[in-house]
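Below: the structure, in C-alpha cells.
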Amino acid sequence: MTNKWKVEPGASQGFSLAELMIVIACTALLLAAGVPNMSHLQKEWVLWNSAKSVEVSLQWGRMQAIASNSPLIFEIDESRRKFYWMDPESGQLYSNSSRQLSSDVLIASFPRRPLRFYQHGNAAPAGTFIIEGEAGSYSVVVSPGGRIRFQRN
C-alpha cells in the first residue's frame with residue numbers, strides 16, 4: 001500500500017510565486033467590482049429604513065387614535081426630515097413620537113394639510129408621502145379608510 005501524501009524527492013511543496021500572484025490579482029478584481037455595489041446597497045438601505053420609519057409611525061398613530069378614542073395629527077417640519085404626532089386639541093407633542101430622517105433622505109411630497117387619524121381609524125386628508133434619497137424613492141400611501149401601503153417608486 002502506498003502513501004498518497006508522501007512527497008517524492010525533487011517534487012515541489014506548496015504554491016509558486018506566480019500562482020499566488022494570480023490568486024491575489026483575481027481577488028483584487030472581485031473586490032474592486034463589489035465595492036461600488038456595496039455603497040449603493042448602503043444608500044438603498046438608508047432610504048428603505050427611512051421610508052419604513054414613516055410607515056411605522058403612521059401605523060402607530062392610527063392604532064393610537066383607535067386605542068385612545070381620540071384623533072391625532074401627523075406633522076412634518078419645514079426641513080422635511082423630521083416628523084411627529086400632536087394632540088389636535090392641546091397642540092402638545094406626543095412623548096417620544098418625534099423622528100428624524102437621515103441627512104441624505106427627505107420627505108419630498110406630502111398632503112398640504114396635516115394628516116389626521118380619527119377614532120375609527122379613518123384618515124383625512126388621505127394622500128401620499130414620497131420619501132426620496134440618492135438611491136431613489138418610496139411612497140407611503142394613506143387611504144381615506146386609514147389603510148397604509150408602502151411601495152417602491
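Ordering of the C-alpha cells sets the chain letters (A, B, ...); residue numbers start at 1 within each chain; ligands are numbered from 1 in the order shown.
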I'd like a table as a Markdown table: residues in stretch 29-93 of chain A with an atom no more than 6 Å from stretch 127-140 of chain A, each row giving the shortest atom pair and its distance in Å to one decimal, only C-alpha atoms counted, sorted by chain and rising residue number.
| residue | atom | partner | partner_atom | distance |
| --- | --- | --- | --- | --- |
| A:Lys43 | CA | A:Ala135 | CA | 5.7 |
| A:Glu44 | CA | A:Ala135 | CA | 5.2 |
| A:Leu47 | CA | A:Gly133 | CA | 5.9 |
| A:Ala51 | CA | A:Ile131 | CA | 6.0 |
Can I get the selection written as a short mmCIF file (atom, residue, chain, number, x, y, z; two decimals), in the first residue's frame, with C-alpha atoms?
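Ended up saving to part13.cif:
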data_model
loop_
_atom_site.label_atom_id
_atom_site.label_comp_id
_atom_site.auth_asym_id
_atom_site.auth_seq_id
_atom_site.Cartn_x
_atom_site.Cartn_y
_atom_site.Cartn_z
CA LYS A 43 -27.73 54.14 0.30
CA GLU A 44 -30.67 51.92 -0.64
CA LEU A 47 -33.69 55.11 2.10
CA ALA A 51 -39.47 55.16 4.43
#
**Message:** Which of chain A end up as helix (DSSP H, G or I) when DSSP is run on this backbone - answer as a PyMOL selection string?
**Reply:** chain A and resi 17-68
Keeping only C-alpha atoms, write the selected residues as a PDB file, in the first residue's frame.
ATOM      1  CA  LEU A  17       5.024  32.782  -6.582  1.00  0.00           C
ATOM      2  CA  ALA A  18       3.240  33.075  -9.942  1.00  0.00           C
ATOM      3  CA  GLU A  19       0.273  31.052  -8.685  1.00  0.00           C
ATOM      4  CA  LEU A  20      -0.050  33.211  -5.563  1.00  0.00           C
ATOM      5  CA  MET A  21       0.118  36.422  -7.630  1.00  0.00           C
ATOM      6  CA  ILE A  22      -2.684  35.177  -9.906  1.00  0.00           C
ATOM      7  CA  VAL A  23      -4.912  34.388  -6.910  1.00  0.00           C
ATOM      8  CA  ILE A  24      -4.224  37.812  -5.361  1.00  0.00           C
ATOM      9  CA  ALA A  25      -4.948  39.584  -8.667  1.00  0.00           C
ATOM     10  CA  CYS A  26      -8.273  37.724  -9.075  1.00  0.00           C
ATOM     11  CA  THR A  27      -9.264  38.561  -5.507  1.00  0.00           C
ATOM     12  CA  ALA A  28      -8.448  42.237  -6.055  1.00  0.00           C
ATOM     13  CA  LEU A  29     -10.564  42.319  -9.233  1.00  0.00           C
ATOM     14  CA  LEU A  30     -13.549  40.783  -7.443  1.00  0.00           C
ATOM     15  CA  LEU A  31     -13.249  43.265  -4.563  1.00  0.00           C
ATOM     16  CA  ALA A  32     -12.914  46.215  -6.945  1.00  0.00           C
ATOM     17  CA  ALA A  33     -16.096  45.154  -8.722  1.00  0.00           C
ATOM     18  CA  GLY A  34     -18.008  44.662  -5.457  1.00  0.00           C
ATOM     19  CA  VAL A  35     -17.165  47.867  -3.545  1.00  0.00           C
ATOM     20  CA  PRO A  36     -19.288  50.283  -5.656  1.00  0.00           C
ATOM     21  CA  ASN A  37     -22.267  47.954  -5.280  1.00  0.00           C
ATOM     22  CA  MET A  38     -21.845  47.944  -1.510  1.00  0.00           C
ATOM     23  CA  SER A  39     -22.026  51.745  -1.468  1.00  0.00           C
ATOM     24  CA  HIS A  40     -25.242  51.668  -3.486  1.00  0.00           C
ATOM     25  CA  LEU A  41     -26.696  48.992  -1.196  1.00  0.00           C
ATOM     26  CA  GLN A  42     -25.927  51.129   1.855  1.00  0.00           C
ATOM     27  CA  LYS A  43     -27.731  54.137   0.302  1.00  0.00           C
ATOM     28  CA  GLU A  44     -30.667  51.923  -0.637  1.00  0.00           C
ATOM     29  CA  TRP A  45     -30.861  50.546   2.907  1.00  0.00           C
ATOM     30  CA  VAL A  46     -30.845  54.063   4.436  1.00  0.00           C
ATOM     31  CA  LEU A  47     -33.687  55.107   2.104  1.00  0.00           C
ATOM     32  CA  TRP A  48     -35.708  51.948   2.799  1.00  0.00           C
ATOM     33  CA  ASN A  49     -35.200  52.344   6.549  1.00  0.00           C
ATOM     34  CA  SER A  50     -36.354  55.996   6.440  1.00  0.00           C
ATOM     35  CA  ALA A  51     -39.468  55.156   4.425  1.00  0.00           C
ATOM     36  CA  LYS A  52     -40.281  52.275   6.767  1.00  0.00           C
ATOM     37  CA  SER A  53     -39.875  54.665   9.697  1.00  0.00           C
ATOM     38  CA  VAL A  54     -42.582  56.926   8.226  1.00  0.00           C
ATOM     39  CA  GLU A  55     -44.845  53.939   7.556  1.00  0.00           C
ATOM     40  CA  VAL A  56     -44.428  52.518  11.059  1.00  0.00           C
ATOM     41  CA  SER A  57     -45.073  55.933  12.596  1.00  0.00           C
ATOM     42  CA  LEU A  58     -48.287  56.275  10.582  1.00  0.00           C
ATOM     43  CA  GLN A  59     -49.408  52.813  11.677  1.00  0.00           C
ATOM     44  CA  TRP A  60     -48.636  53.700  15.299  1.00  0.00           C
ATOM     45  CA  GLY A  61     -50.653  56.923  15.005  1.00  0.00           C
ATOM     46  CA  ARG A  62     -53.643  55.103  13.568  1.00  0.00           C
ATOM     47  CA  MET A  63     -53.566  52.485  16.319  1.00  0.00           C
ATOM     48  CA  GLN A  64     -53.086  55.182  18.978  1.00  0.00           C
ATOM     49  CA  ALA A  65     -56.114  57.113  17.681  1.00  0.00           C
ATOM     50  CA  ILE A  66     -58.240  53.964  17.806  1.00  0.00           C
ATOM     51  CA  ALA A  67     -56.978  52.872  21.243  1.00  0.00           C
ATOM     52  CA  SER A  68     -57.308  56.294  22.874  1.00  0.00           C
TER      53      SER A  68
END
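Nearest residue to A:Ile73 among A:Pro88, A:Pro111, A:Pro125, A:Gly145 is A:Pro88, counting only C-alpha atoms.
For A:Glu75, the non-local neighbours within 7 Å, defined as residues at least 4 positions apart in the same chain or in other chains and counting only C-alpha atoms, are Phe83, Tyr84, Trp85 and Pro114 of chain A.
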**Prompt:** Of the residues A:Gln119, A:Ser103, A:Ser109, A:Gln13, which is the one nearest to A:Leu72, using only C-alpha atoms?
**Reply:**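 Residue with the minimum atom-to-atom distance to A:Leu72: A:Gln119.
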